[in-house]
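Source file: entry-v7.txt. Holds: compact mmCIF, C-alpha atoms.
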```
# COMPACT_ATOMS: atom_id res chain seq x y z
CA MET A 49 -8.88 -7.81 11.20
CA ASP A 50 -5.17 -7.70 12.00
CA GLN A 51 -3.88 -7.95 15.56
CA ALA A 52 -4.76 -4.93 17.69
CA PRO A 53 -2.19 -2.11 17.54
CA PRO A 54 0.00 -1.68 20.64
CA SER A 55 -1.37 0.67 23.31
CA LEU A 56 -4.91 0.55 21.97
CA LEU A 57 -6.75 3.87 21.76
CA LEU A 58 -9.82 3.21 19.60
CA ASP A 59 -11.63 -0.11 19.51
CA ALA A 60 -14.69 -0.09 17.24
CA ARG A 61 -16.33 -3.47 16.84
CA ARG A 62 -19.01 -4.75 14.45
CA LEU A 63 -20.54 -1.34 13.76
CA ALA A 64 -23.74 -1.47 11.73
CA LYS A 65 -26.10 1.14 10.31
CA ALA A 66 -28.98 0.91 7.86
CA PHE A 67 -31.18 3.60 6.31
CA GLY A 68 -34.58 2.63 4.92
CA GLY A 69 -33.66 -1.03 4.90
CA MET A 70 -30.36 -0.44 3.07
CA THR A 71 -27.29 -1.43 5.08
CA VAL A 72 -24.65 1.29 4.73
CA VAL A 73 -22.16 0.15 7.39
CA ASN A 74 -22.05 -3.62 7.72
CA GLU A 75 -20.28 -5.19 10.72
CA MET A 76 -17.35 -2.78 10.36
CA SER A 77 -14.52 -3.09 12.88
CA LEU A 78 -11.31 -1.12 13.27
CA GLN A 79 -8.69 -0.54 15.91
CA MET A 80 -6.12 2.21 16.35
CA GLY A 81 -3.14 2.64 18.62
CA ARG A 82 -2.24 5.82 20.46
CA GLY A 83 -0.66 8.35 18.15
CA GLU A 84 -1.35 6.26 15.07
CA ILE A 85 -2.44 7.71 11.73
CA LEU A 86 -4.78 5.48 9.74
CA GLY A 87 -6.36 6.03 6.34
CA ILE A 88 -9.81 4.88 5.24
CA ILE A 89 -10.18 4.64 1.47
CA GLY A 90 -12.78 3.19 -0.86
CA PRO A 91 -15.11 4.06 -3.73
CA ASN A 92 -18.04 6.45 -3.41
CA GLY A 93 -20.89 4.80 -1.54
CA ALA A 94 -18.59 2.53 0.48
CA GLY A 95 -19.94 3.89 3.78
CA LYS A 96 -16.90 5.91 4.86
CA THR A 97 -18.67 9.10 5.92
CA THR A 98 -21.43 7.12 7.64
CA LEU A 99 -18.69 5.33 9.58
CA PHE A 100 -17.32 8.71 10.68
CA ASN A 101 -20.78 9.86 11.71
CA LEU A 102 -21.15 6.74 13.84
CA LEU A 103 -17.76 7.22 15.47
CA ALA A 104 -18.48 10.89 16.18
CA GLY A 105 -21.96 10.23 17.56
CA ALA A 106 -23.73 12.27 14.87
CA ILE A 107 -26.02 9.29 14.18
CA PRO A 108 -26.85 6.36 16.49
CA LEU A 109 -25.55 2.84 16.01
CA ASP A 110 -27.91 0.05 15.05
CA ARG A 111 -25.39 -2.40 16.49
CA GLY A 112 -21.80 -2.42 17.67
CA GLN A 113 -19.52 -0.89 20.25
CA ILE A 114 -17.15 2.10 20.25
CA VAL A 115 -14.54 2.31 22.99
CA LEU A 116 -12.08 5.23 23.18
CA ASP A 117 -9.22 4.96 25.65
CA GLY A 118 -11.17 2.43 27.69
CA GLN A 119 -14.39 4.48 27.78
CA ASP A 120 -17.49 3.05 26.10
CA LEU A 121 -18.99 5.80 23.94
CA SER A 122 -21.47 3.63 22.05
CA GLY A 123 -24.63 5.31 23.34
CA LYS A 124 -23.25 8.80 23.85
CA GLY A 125 -23.73 11.91 21.71
CA PRO A 126 -21.23 14.24 20.02
CA GLU A 127 -20.61 16.49 23.05
CA ALA A 128 -19.73 13.56 25.28
CA ARG A 129 -17.38 12.20 22.62
CA ILE A 130 -15.63 15.55 22.22
CA GLY A 131 -15.23 15.65 25.99
CA ALA A 132 -13.73 12.16 25.89
CA GLY A 133 -11.12 13.31 23.36
CA LEU A 134 -12.66 12.61 19.95
CA ALA A 135 -12.85 15.57 17.53
CA ARG A 136 -13.78 15.68 13.86
CA THR A 137 -13.78 17.80 10.73
CA PHE A 138 -16.22 17.67 7.83
CA GLN A 139 -15.86 17.01 4.11
CA ILE A 140 -17.65 20.34 3.55
CA PRO A 141 -16.36 22.71 6.26
CA ARG A 142 -18.98 24.24 8.55
CA PRO A 143 -17.59 27.48 9.98
CA PHE A 144 -19.76 30.05 11.71
CA ALA A 145 -19.66 32.38 8.73
CA ARG A 146 -20.43 35.65 10.57
CA MET A 147 -18.12 34.99 13.48
CA THR A 148 -14.47 35.92 13.21
CA VAL A 149 -11.86 33.32 12.45
CA LEU A 150 -10.56 33.62 16.02
CA GLU A 151 -14.05 33.23 17.51
CA ASN A 152 -14.61 30.12 15.40
CA VAL A 153 -11.59 28.44 16.96
CA MET A 154 -12.51 29.54 20.47
CA THR A 155 -15.94 27.89 20.24
CA ALA A 156 -14.25 24.48 20.52
CA ALA A 157 -12.63 25.16 23.92
CA GLN A 158 -13.76 22.61 26.50
CA GLY A 159 -14.97 23.31 30.05
CA GLN A 160 -15.52 27.04 29.67
CA SER A 161 -16.78 28.23 33.05
CA GLY A 162 -18.08 31.49 31.60
CA GLU A 163 -20.73 29.59 29.66
CA GLY A 164 -22.65 29.01 32.92
CA LEU A 165 -24.76 31.89 34.23
CA PHE A 166 -23.74 31.42 37.85
CA SER A 167 -20.05 31.10 36.99
CA ALA A 168 -20.18 34.30 34.97
CA LEU A 169 -21.96 36.18 37.78
CA LEU A 170 -20.17 34.74 40.80
CA ALA A 171 -16.65 34.31 39.45
CA PRO A 172 -16.23 36.89 36.69
CA ALA A 173 -12.47 37.21 37.23
CA ARG A 174 -11.96 33.47 36.77
CA SER A 175 -14.18 33.46 33.69
CA ALA A 176 -12.30 36.41 32.20
CA ALA A 177 -8.94 34.76 32.85
CA GLN A 178 -10.11 31.59 31.19
CA GLU A 179 -11.38 33.58 28.20
CA ARG A 180 -7.96 35.21 27.83
CA ALA A 181 -6.22 31.85 28.03
CA ASN A 182 -8.55 30.39 25.41
CA ALA A 183 -7.94 33.36 23.12
CA ALA A 184 -4.18 32.94 23.49
CA ARG A 185 -4.39 29.23 22.65
CA ALA A 186 -6.67 29.95 19.69
CA ARG A 187 -4.16 32.49 18.36
CA ASP A 188 -1.36 29.93 18.70
CA LEU A 189 -3.42 27.46 16.67
CA LEU A 190 -4.21 30.06 14.00
CA ASP A 191 -0.49 30.73 13.73
CA PHE A 192 0.07 26.97 13.42
CA VAL A 193 -2.30 26.79 10.41
CA SER A 194 -1.07 30.09 8.89
CA LEU A 195 -4.33 31.98 9.42
CA SER A 196 -3.17 34.52 12.03
CA HIS A 197 -3.45 37.40 9.58
CA LEU A 198 -7.18 36.67 9.21
CA GLU A 199 -8.14 36.27 12.87
CA ASP A 200 -10.40 39.34 12.91
CA GLN A 201 -12.06 38.58 9.59
CA PRO A 202 -15.41 36.77 9.33
CA ALA A 203 -14.97 33.11 8.44
CA ALA A 204 -17.09 33.72 5.34
CA VAL A 205 -14.07 35.29 3.59
CA LEU A 206 -11.96 32.12 3.77
CA SER A 207 -11.20 30.00 0.74
CA GLY A 208 -12.03 26.29 0.70
CA GLY A 209 -8.51 25.32 1.70
CA GLN A 210 -8.38 27.92 4.45
CA ARG A 211 -11.66 26.58 5.83
CA LYS A 212 -10.08 23.14 6.02
CA LEU A 213 -7.20 24.63 8.00
CA LEU A 214 -9.65 26.48 10.25
CA GLU A 215 -11.45 23.20 10.98
CA LEU A 216 -8.14 21.56 11.91
CA ALA A 217 -7.37 24.42 14.31
CA ARG A 218 -10.85 24.21 15.83
CA ALA A 219 -10.52 20.45 16.28
CA MET A 220 -7.16 20.92 18.02
CA MET A 221 -8.70 23.53 20.33
CA ALA A 222 -10.67 20.70 21.93
CA GLU A 223 -7.38 18.99 22.90
CA PRO A 224 -8.32 15.65 21.34
CA ARG A 225 -6.70 12.25 21.60
CA LEU A 226 -8.14 11.33 18.18
CA ILE A 227 -9.18 13.49 15.22
CA LEU A 228 -11.43 12.25 12.43
CA LEU A 229 -10.56 14.08 9.21
CA ASP A 230 -13.15 13.75 6.43
CA GLU A 231 -11.47 14.41 3.05
CA PRO A 232 -9.17 17.28 4.10
CA ALA A 233 -7.82 17.55 0.53
CA ALA A 234 -11.24 17.89 -1.16
CA GLY A 235 -11.56 21.20 -3.01
CA VAL A 236 -8.10 22.37 -1.94
CA ASN A 237 -5.82 24.08 -4.43
CA PRO A 238 -2.31 22.62 -4.80
CA ALA A 239 -0.72 25.63 -3.11
CA LEU A 240 -2.42 24.75 0.18
CA LEU A 241 -2.31 20.96 -0.10
CA ASP A 242 1.32 20.68 1.01
CA LEU A 243 0.60 22.93 4.00
CA ILE A 244 -2.40 20.83 5.05
CA ILE A 245 -0.40 17.60 4.75
CA ASP A 246 2.43 19.12 6.79
CA ARG A 247 0.08 20.38 9.52
CA ILE A 248 -1.66 17.00 9.81
CA SER A 249 1.72 15.29 10.04
CA THR A 250 2.83 17.71 12.77
CA VAL A 251 -0.39 17.19 14.76
CA ASN A 252 0.17 13.45 14.57
CA ALA A 253 3.82 13.82 15.61
CA GLN A 254 2.57 15.63 18.73
CA GLY A 255 0.85 12.41 19.78
CA VAL A 256 -2.67 12.97 18.43
CA ALA A 257 -4.07 9.96 16.58
CA VAL A 258 -5.59 10.72 13.17
CA LEU A 259 -8.23 8.74 11.28
CA LEU A 260 -8.39 10.03 7.74
CA ILE A 261 -10.91 9.55 4.93
CA GLU A 262 -9.41 10.66 1.64
CA HIS A 263 -9.69 10.08 -2.11
CA ASN A 264 -6.38 11.86 -2.76
CA MET A 265 -3.99 8.92 -2.86
CA GLU A 266 -0.96 11.19 -2.82
CA MET A 267 -2.04 12.44 0.60
CA ILE A 268 -2.78 8.91 1.80
CA ALA A 269 0.61 7.67 0.63
CA ARG A 270 2.45 10.56 2.29
CA LEU A 271 0.63 10.36 5.62
CA CYS A 272 -0.63 6.84 6.29
CA PRO A 273 1.55 3.80 7.01
CA ARG A 274 -1.66 1.73 7.22
CA VAL A 275 -4.94 1.96 5.33
CA ILE A 276 -8.25 0.12 5.40
CA VAL A 277 -10.20 -0.23 2.16
CA MET A 278 -13.97 -0.09 2.67
CA ALA A 279 -16.45 -1.54 0.19
CA ALA A 280 -20.18 -2.12 0.70
CA GLY A 281 -19.93 -0.91 4.27
CA LYS A 282 -17.23 -3.29 5.50
CA PRO A 283 -13.46 -3.75 5.32
CA LEU A 284 -12.17 -5.29 2.11
CA ALA A 285 -8.41 -4.96 2.59
CA GLU A 286 -5.89 -3.62 5.07
CA GLY A 287 -2.18 -2.87 4.87
CA ARG A 288 0.30 -0.40 3.43
CA PRO A 289 -1.10 1.94 0.75
CA GLU A 290 1.28 0.66 -1.92
CA ASP A 291 0.30 -2.94 -1.19
CA VAL A 292 -3.50 -2.63 -1.05
CA SER A 293 -3.60 -0.44 -4.16
CA ARG A 294 -2.21 -3.35 -6.22
CA ARG A 295 -4.76 -5.91 -5.03
CA ALA A 296 -7.11 -7.14 -7.73
CA ASP A 297 -10.19 -6.99 -5.49
CA VAL A 298 -9.44 -3.38 -4.55
CA ILE A 299 -8.94 -2.37 -8.19
CA GLU A 300 -12.20 -4.10 -9.07
CA VAL A 301 -14.35 -2.20 -6.53
CA TYR A 302 -12.89 1.11 -7.67
CA LEU A 303 -13.60 0.27 -11.31
CA GLU A 304 -17.16 -0.74 -10.42
CA GLY A 305 -17.67 2.69 -8.84
CA MET A 306 -16.59 4.54 -12.00
CA PRO A 307 -19.27 5.92 -14.33
CA GLY A 308 -19.85 3.85 -17.46
```

Step by step, read the file and then write its structure as structure tokens.
Amino acid sequence: MDQAPPSLLLDARRLAKAFGGMTVVNEMSLQMGRGEILGIIGPNGAGKTTLFNLLAGAIPLDRGQIVLDGQDLSGKGPEARIGAGLARTFQIPRPFARMTVLENVMTAAQGQSGEGLFSALLAPARSAAQERANAARARDLLDFVSLSHLEDQPAAVLSGGQRKLLELARAMMAEPRLILLDEPAAGVNPALLDLIIDRISTVNAQGVAVLLIEHNMEMIARLCPRVIVMAAGKPLAEGRPEDVSRRADVIEVYLEGMPG
């Protein structure tokens, strides 16, 4: 791997995961600096989404270490990682379909005192004030992703692209240091793609680091100064998008992944 980025935020070393004897992530390491945006690309089956699941704590590591901002998260679950500042979105968005768009964003607020029975009973005024503050922040985020006009609608009415924007707002509600974005362009119509790219760029400009899996190379080229190419569960190449895309070994693994 290249030299560690300045002001290291994420340090993931020698991550490994196998399913049924098949190694899916194989001694994969990556490092990110604070406020960096980094792309992960590679053919289908390269292990990209499994890598995200390992980083987010959705599945346990077989081996390796994950350190975020100096805190070892290797054995911790998703809630602890969200609390430490690591949020994620999914390739297929997972909104609470019957809840309103506003309620979906509010679910990601951290440290809500009203969720505890004793806090709700003994300090109702504080809980109510916190609820109002969370609602105000959620509305600001819905305005940021251009979904304010739908805040009272059930999330089930949203289009695929709007659900991607909702997931971004919900991730930001957790006040993360790092967001993992799993194919934010997948299934998005061109009218919304520019908006999604712009919103991700703005989030990153606010100091939030972004780790991005994406097959849409236009999005990668517009957003990511640095990319890592994964193949067979490990890094194959690293550098600027325009440089790695010309490498013969990168072209070869993409061609191997194409149907015959």

Residue neighbourhood Ile276 (chain A), 9 Å, only C-alpha atoms, exclusion window fewer than 4 positions, as a list of chain:residue names: A:Leu78, A:Leu86, A:Gly87, A:Ile88, A:Ile89, A:Gly90, A:Pro283, A:Leu284, A:Ala285, A:Glu286, A:Gly287, A:Arg288, A:Pro289, A:Val292

10 Å contact set for Thr137 (chain A), all atoms listed in the file, chain neighbours under 2 positions out, as a PyMOL selection string: chain A and resi 100+104+135+139-142+212-219+227-232+260

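Nearest to Lys124 (chain A) of all the residues A:Arg180, A:Ala64, A:Glu84, A:Leu103 is A:Leu103, based on only C-alpha atoms.
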
Coordinates-based distance that separates CA of Gln113 (chain A) from CA of Ala66 (chain A) (Å, one decimal): 15.7 Å

Selection: 9 Å around Val153 (chain A), all atoms listed in the file, excl. self and same-chain fewer than 2 positions, as a ChimeraX atom specification: /A:148-151,155-157,183,186-187,189-190,214-215,217-221

Given all atoms listed in the file as the counted atoms, nearest of A:Ile244, A:Val236, A:Val72, A:Val258 to Leu99 (chain A):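 Of the candidates, the smallest distance to Leu99 (chain A) is held by A:Val72.
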
Top pick for closest residue to Met70 (chain A), considering A:Gly93, A:Ser249, A:Arg225, A:Gly133 and counting only C-alpha atoms: A:Gly93

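Here CA of Gly118 (chain A) is placed at a distance of 16.2 Å from CA of Ser77 (chain A).
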
Residue with smallest distance to Val193 (chain A) - pool A:Met147, A:Val73, A:Val301, A:Val251, counting all atoms listed in the file: A:Val251

Interatomic distance, CA of Arg111 (chain A) to CA of Arg62 (chain A) (Å, one decimal):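 Result for CA of Arg111 (chain A) versus CA of Arg62 (chain A): 7.1 Å, one decimal.
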
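For the set A:Ala222, A:Leu56, A:Ala253, A:Ala145, the residue with the smallest atom-to-atom gap to Ser207 (chain A) is A:Ala145, counting all atoms listed in the file.
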
Which of A:Met80, A:Leu121, A:Ala279, A:Ile245 sits closest to Leu109 (chain A) [using all atoms listed in the file]: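 Using all atoms listed in the file, Leu109 (chain A) sits closest to A:Leu121.
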
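Around Pro91 (chain A), within 9 Å and counting all atoms listed in the file, the residues found are Ala94, Gly95, Lys96, His263, Val277, Met278, Ala279, Val301, Tyr302, Leu303, Glu304, Gly305 and Met306 of chain A, once anything fewer than 3 positions away on its own chain is removed.
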
Shell of 10 Å around Gly131 (chain A), only C-alpha atoms, local chain residues under 6 positions omitted, as number ranges by chain: A: 158-159, 222-224
